[in-house]
Structure formats: C-alpha cells, structure tokens
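Engineer: First the structure, then my questions, so here it is.
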Amino acid sequence: MMKNGLVLEGGAMRGMFTAGVTDVLMEEGIRFDGMAGISAGAVFGCNVKSGQIGRTIRYNKKYSKDPRFASLRSWITTGDYFGVDFCYRRIPQELDPFDQKAFQENPMEFYVGATEVKTGECLFHKCVDGGEVDTKWMQASASMPLVSHPVAIDGHLLLDGGIVCSVPYQVMEENGYDHNVIILTRPASYVKKKTTIPGWFFRKYPEIRKAMLVRHEAYARQMEEIAEREKAGRALVIRPEEDLAISRTEKDPAELERVYQAGRDVATKKLMEIKEFISVGVTISD
C-alpha cells in the first residue's frame, strides 16, 4: 500500500510560509500517514499532528516582539536567542496551549531531525506523545548555530537539523513513505551560497564546521534529487513563487502575516493538484 508523506523544510521565519500551506491543507481535510520536519518544519509542523489550525501564525505574531520570545538580551543572558523556557514551556503549556492529547491520538507518524555536533550526522527521532522528550528534539532541531546552545538528549549534543539535512525526504523514504508532498521555503531559482563560518565558534565542534562548509553543495544535491522524484511522480513540491524576503529572526507581525498569506495563496492555487496527488495513494487512516 502506498503511503502519503508530508515533508517540511526549515528556514526560521520562512516557516510562516509553511504554516500557511499546512493550515490550508488541514482546513481542506487533507491528511497524511506520516510527516518529517527539520528546524522550523519541526517546531511548526507539530501543530499539523495536533490539528491546531492557525496556532503557528497566532503565537508567533503575538509574541514576536516579546524579549522573552527572542531577543539579543536573551542571547546575551542565556546563550539562546530564542528563549528556551518561554518558547518551549510557557507558550505551549500556559499561553497558547499545545494540544498534546490530540497530538498523541493522531496516528500520523512524525519524525524530526537534529545534527549531532560531535559527529556532524543528522539524527532522527520519532515523536510519539508531544511530551518532554519530543519537545526537546523539536527544540534541538530548531537550535540555530551561533545563537543557540547545543541541546543535550540521551548522550547526544544536538543543533539545527538543517545544518546537514535541509529537507528530510530521505528519512520518509527509509520508513516506507514513497509518495511525498514536499514544502520548501525557497523559490525554484534559489541557489545556496557557501557559508562563511567564524572559526572560534566551532573550535570545539570541528565536524559541524566541516558540514557547514559544504552545506551549499548538499543543498544543491537535495534539490536535484527532489526534482528527480517530482519528475517520476513520487513527489509534489510546494514552494514560494518568489523569494520571501524575510529575516530569519523577523519580529514585525505584518511581515509574518505577509509570508503566511503567501503560503496560503500558493496552497490554494495548487489545491486540486495536491488532492489529485494524494488520491493516487490511499492513506492508512482511510
């Protein structure tokens, strides 16, 4: 039986585009058997499994200018630009509750990836209940180098999964998902440039430095492989029509809304194509 998967690229606040797309998919009742997310695709994608339409754009707009959410002050005082306690405890538990029960009850599998700083390898975790361990993996997946502490989980030190795996379609294929909708946050014309890396930061973690120096090559290779899958009918790609022109740490709610609406617009235009693609496979939950 063919399994339908959803694959979410990262990109920090470019993830508002992804949120716009996934909200339209949820509103239309389009379901998937499994999903994989990297970085923003992990921390925002969890709301797809919990079925919380609008939650991603809502709390990001509401708290974007709150220094507890993200600020230089947080970075200087804690070493994390995005406030760990505020983002991963106070918001989901108190201020804009994450529906952990719905997350746990949804049979859709959800994989998130993070980079092991000691080896430079992307490790994947299957989220099962949306609890403390799953949340730690989502945090690790979205912990950007230079502005975040590595996250310690089960003997691993983890940072942003996008360092070595920008688009996690391979983990889906390894788990039997051969029919995937892939949401990218860059237009087709985008070419990733070689990263300039301050040596002082990666003195302790040379494997991360090595991975980042060839990140542009890895990204180009992934785009080629995705194009091959799309041509073969194994993937449907949803991406911005043009560069989103948004900062990775954007704080203007109007800008977040603009990018979110861009995602909604593209999803709406491609809705029939998406439904036709999904209908080729039969979801396990049907």
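Labeling convention for the structure tokens: chains A, B, ... as they appear, residues from 1 per chain, ligands from 1 in order of appearance.
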As a PyMOL selection string, please: all residues of range 98-276 of chain A that backbone DSSP puts in strand (DSSP E).
Structural biologist: chain A and resi 109-116+121-127+151-153+156-160+179-183+235-238
Engineer: List every residue of range 32-268 of chain A that DSSP, applied to the backbone, labels as helix (DSSP H, G or I), and write the result as an MDAnalysis selection string.
Structural biologist: chainID A and resid 40:49 55:63 72:78 84:95 100:105 132:141 161:163 169:174 206:213 215:231 253:268
Engineer: Leaving out range 100-109 of chain A and any residue of its chain fewer than 4 positions from it, which residues lie within 10 Å of it when counting only C-alpha atoms, given as a list in words?
Structural biologist: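 Near neighbours after the sequence-gap exclusion: Gly5, Arg31, Phe32, Asp33, Gly34, Met35, Ala36, Cys46, Asn47, Val48, Lys49, Ser50, Gly51, Gln52, Pro92, Gln93, Lys126, Cys127, Val128, Asp129, Gly130, Gly131, Met172, Asn175, Thr283, Ile284 and Ser285 of chain A.
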Engineer: Just to be explicit: take each residue in the selection above, keep C-alpha atoms, and write the result as a short mmCIF file (atom, residue, chain, number, x, y, z; two decimals), in the first residue's frame.
Structural biologist:
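Dumped to result-v2.cif:
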```
data_model
loop_
_atom_site.label_atom_id
_atom_site.label_comp_id
_atom_site.auth_asym_id
_atom_site.auth_seq_id
_atom_site.Cartn_x
_atom_site.Cartn_y
_atom_site.Cartn_z
CA GLY A 5 4.01 11.68 3.47
CA ARG A 31 -4.39 14.00 5.72
CA PHE A 32 -1.05 12.24 5.60
CA ASP A 33 0.21 8.97 7.03
CA GLY A 34 3.50 10.47 8.11
CA MET A 35 5.44 13.71 8.30
CA ALA A 36 9.04 14.80 8.77
CA CYS A 46 3.91 19.64 15.32
CA ASN A 47 0.72 21.71 15.02
CA VAL A 48 -0.25 19.62 11.99
CA LYS A 49 -0.18 16.43 14.05
CA SER A 50 -2.13 18.15 16.85
CA GLY A 51 -4.59 19.57 14.30
CA GLN A 52 -4.29 23.16 15.56
CA PRO A 92 2.81 25.54 24.85
CA GLN A 93 1.78 24.89 28.43
CA LYS A 126 10.02 9.70 16.03
CA CYS A 127 7.75 11.86 18.17
CA VAL A 128 5.09 9.83 19.93
CA ASP A 129 3.29 11.89 22.57
CA GLY A 130 4.34 15.55 22.29
CA GLY A 131 5.82 15.35 25.77
CA MET A 172 10.47 9.40 4.96
CA ASN A 175 10.34 4.47 6.59
CA THR A 283 -3.77 6.84 3.45
CA ILE A 284 -3.62 4.24 6.20
CA SER A 285 -6.20 6.16 8.21
#
```
Engineer: Residues at most 7 Å from range 180-193 of chain A, counting only C-alpha atoms, excluding those fewer than 5 positions away in the same chain, as a short mmCIF file (atom, residue, chain, number, x, y, z; two decimals) with N, CA and C atoms, in the first residue's frame?
Structural biologist:
```
data_model
loop_
_atom_site.label_atom_id
_atom_site.label_comp_id
_atom_site.auth_asym_id
_atom_site.auth_seq_id
_atom_site.Cartn_x
_atom_site.Cartn_y
_atom_site.Cartn_z
N ASN A 4 1.30 8.11 1.99
CA ASN A 4 1.44 9.53 1.71
C ASN A 4 2.20 10.23 2.83
N GLY A 5 3.23 10.97 2.48
CA GLY A 5 4.01 11.68 3.47
C GLY A 5 4.02 13.18 3.22
N LEU A 6 4.32 13.92 4.28
CA LEU A 6 4.46 15.37 4.21
C LEU A 6 5.86 15.72 4.71
N VAL A 7 6.61 16.47 3.93
CA VAL A 7 8.00 16.81 4.26
C VAL A 7 8.13 18.32 4.36
N LEU A 8 8.68 18.80 5.49
CA LEU A 8 8.74 20.23 5.76
C LEU A 8 10.18 20.71 5.90
N GLU A 9 10.60 21.59 4.99
CA GLU A 9 11.91 22.24 5.10
C GLU A 9 11.89 23.22 6.26
N GLY A 11 13.97 26.90 7.91
CA GLY A 11 14.14 28.25 7.38
C GLY A 11 13.72 29.34 8.33
N ARG A 14 10.88 31.90 7.65
CA ARG A 14 10.30 31.49 6.38
C ARG A 14 9.27 30.39 6.62
N GLY A 15 9.34 29.81 7.81
CA GLY A 15 8.37 28.78 8.18
C GLY A 15 6.94 29.28 8.24
N PHE A 17 5.55 30.64 5.79
CA PHE A 17 5.04 30.17 4.50
C PHE A 17 4.50 28.75 4.65
N THR A 18 5.29 27.89 5.27
CA THR A 18 4.87 26.50 5.50
C THR A 18 3.59 26.45 6.32
N HIS A 216 26.17 24.18 1.09
CA HIS A 216 25.62 24.63 -0.19
C HIS A 216 25.62 23.51 -1.22
N ARG A 234 6.84 10.79 -7.82
CA ARG A 234 6.95 10.33 -6.44
C ARG A 234 6.85 11.46 -5.44
N ALA A 235 6.91 12.69 -5.92
CA ALA A 235 6.86 13.85 -5.03
C ALA A 235 6.09 14.98 -5.69
N LEU A 236 5.44 15.78 -4.86
CA LEU A 236 4.79 17.01 -5.30
C LEU A 236 5.41 18.13 -4.48
N VAL A 237 5.99 19.10 -5.14
CA VAL A 237 6.70 20.18 -4.45
C VAL A 237 5.84 21.44 -4.39
N ILE A 238 5.76 22.00 -3.20
CA ILE A 238 5.09 23.28 -2.98
C ILE A 238 6.16 24.25 -2.49
N ARG A 239 6.30 25.37 -3.18
CA ARG A 239 7.35 26.32 -2.82
C ARG A 239 6.89 27.74 -3.12
N PRO A 240 7.54 28.76 -2.55
CA PRO A 240 7.19 30.15 -2.86
C PRO A 240 7.42 30.45 -4.33
N GLU A 241 6.61 31.34 -4.87
CA GLU A 241 6.77 31.74 -6.27
C GLU A 241 7.95 32.69 -6.44
N GLU A 242 8.33 33.37 -5.37
CA GLU A 242 9.48 34.27 -5.39
C GLU A 242 10.11 34.30 -4.01
N ASP A 243 11.28 34.91 -3.92
CA ASP A 243 11.95 34.97 -2.63
C ASP A 243 11.06 35.63 -1.58
#
```
Engineer: Hey, which of A:Thr196, A:Gln222, A:Thr249, A:Thr56 ends up closest to Ala12 in chain A? Count only C-alpha atoms.
Structural biologist: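 Among the listed residues, A:Thr249 lies closest to Ala12 in chain A.
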Engineer: Using only C-alpha atoms, determine which residues lie at most 7 Å from Asp178 in chain A, disregarding the query and same-chain residues fewer than 3 positions distant; provide the list as a list in words.
Structural biologist: Met2, Lys3, Glu173 and Arg234 of chain A
Engineer: Take the residues from that selection and put them in a file with N, CA and C atoms, as a compact mmCIF listing (two decimals), in the first residue's frame.
Structural biologist:
```txt
# COMPACT_ATOMS: atom_id res chain seq x y z
N MET A 2 0.59 2.18 -0.88
CA MET A 2 1.36 3.41 -0.96
C MET A 2 1.05 4.30 0.25
N LYS A 3 2.10 4.90 0.83
CA LYS A 3 1.91 5.77 1.99
C LYS A 3 2.20 7.22 1.61
N GLU A 173 11.40 8.23 3.06
CA GLU A 173 11.54 7.08 2.15
C GLU A 173 12.07 5.86 2.89
N ARG A 234 6.84 10.79 -7.82
CA ARG A 234 6.95 10.33 -6.44
C ARG A 234 6.85 11.46 -5.44
```
Engineer: Using CA of Lys251 in chain A and CA of Ser64 in chain A as the two end points, give the distance in Å to one decimal.
Structural biologist: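 So the two atoms, CA of Lys251 in chain A and CA of Ser64 in chain A, lie 4.9 Å apart.
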Engineer: Can you pull out every residue within 9 Å of Gly79 in chain A, counting only C-alpha atoms, but drop anything in the same chain fewer than 2 positions away, and send it as an NGL selection string?
Structural biologist: :A and (74-77 or 81 or 146-149)
Engineer: Just the number, please: distance in Å from CA of His125 in chain A to CA of Tyr111 in chain A, one decimal.
Structural biologist: 5.5 Å
Engineer: Can you tell me, as a list in words, what residues are no more than 10 Å from Ile30 in chain A when counting only C-alpha atoms, ignoring any on the same chain fewer than 3 positions away?
Structural biologist: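 In the requested form, the answer reads Thr22, Val24, Leu25, Met26, Glu27, Leu271, Ile274, Lys275, Ile278 and Ser279 of chain A.
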Engineer: So which one's closest to Ala262 in chain A, A:Thr195, A:Arg73, A:Lys61, A:Met16? Using only C-alpha atoms, please.
Structural biologist: A:Met16
Engineer: Quick one: of A:Arg229, A:Lys269, A:Lys118, A:Lys62, who's nearest to Phe202 in chain A, counting only C-alpha atoms?
Structural biologist: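 When distances to Phe202 in chain A are compared using only C-alpha atoms, the smallest one comes from A:Lys118.
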Engineer: What gap, in Å, lies between CA of Phe110 in chain A and CA of Met212 in chain A?
Structural biologist: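 Distance reported for this atom pair: 25.8 Å.
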Engineer: Determine the nearest neighbour of Glu230 in chain A from the options A:Phe277, A:Lys65, A:Asp99, A:Met138, counting only C-alpha atoms.
Structural biologist: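 Comparing A:Phe277, A:Lys65, A:Asp99, A:Met138 against Glu230 in chain A, the winner is A:Phe277.
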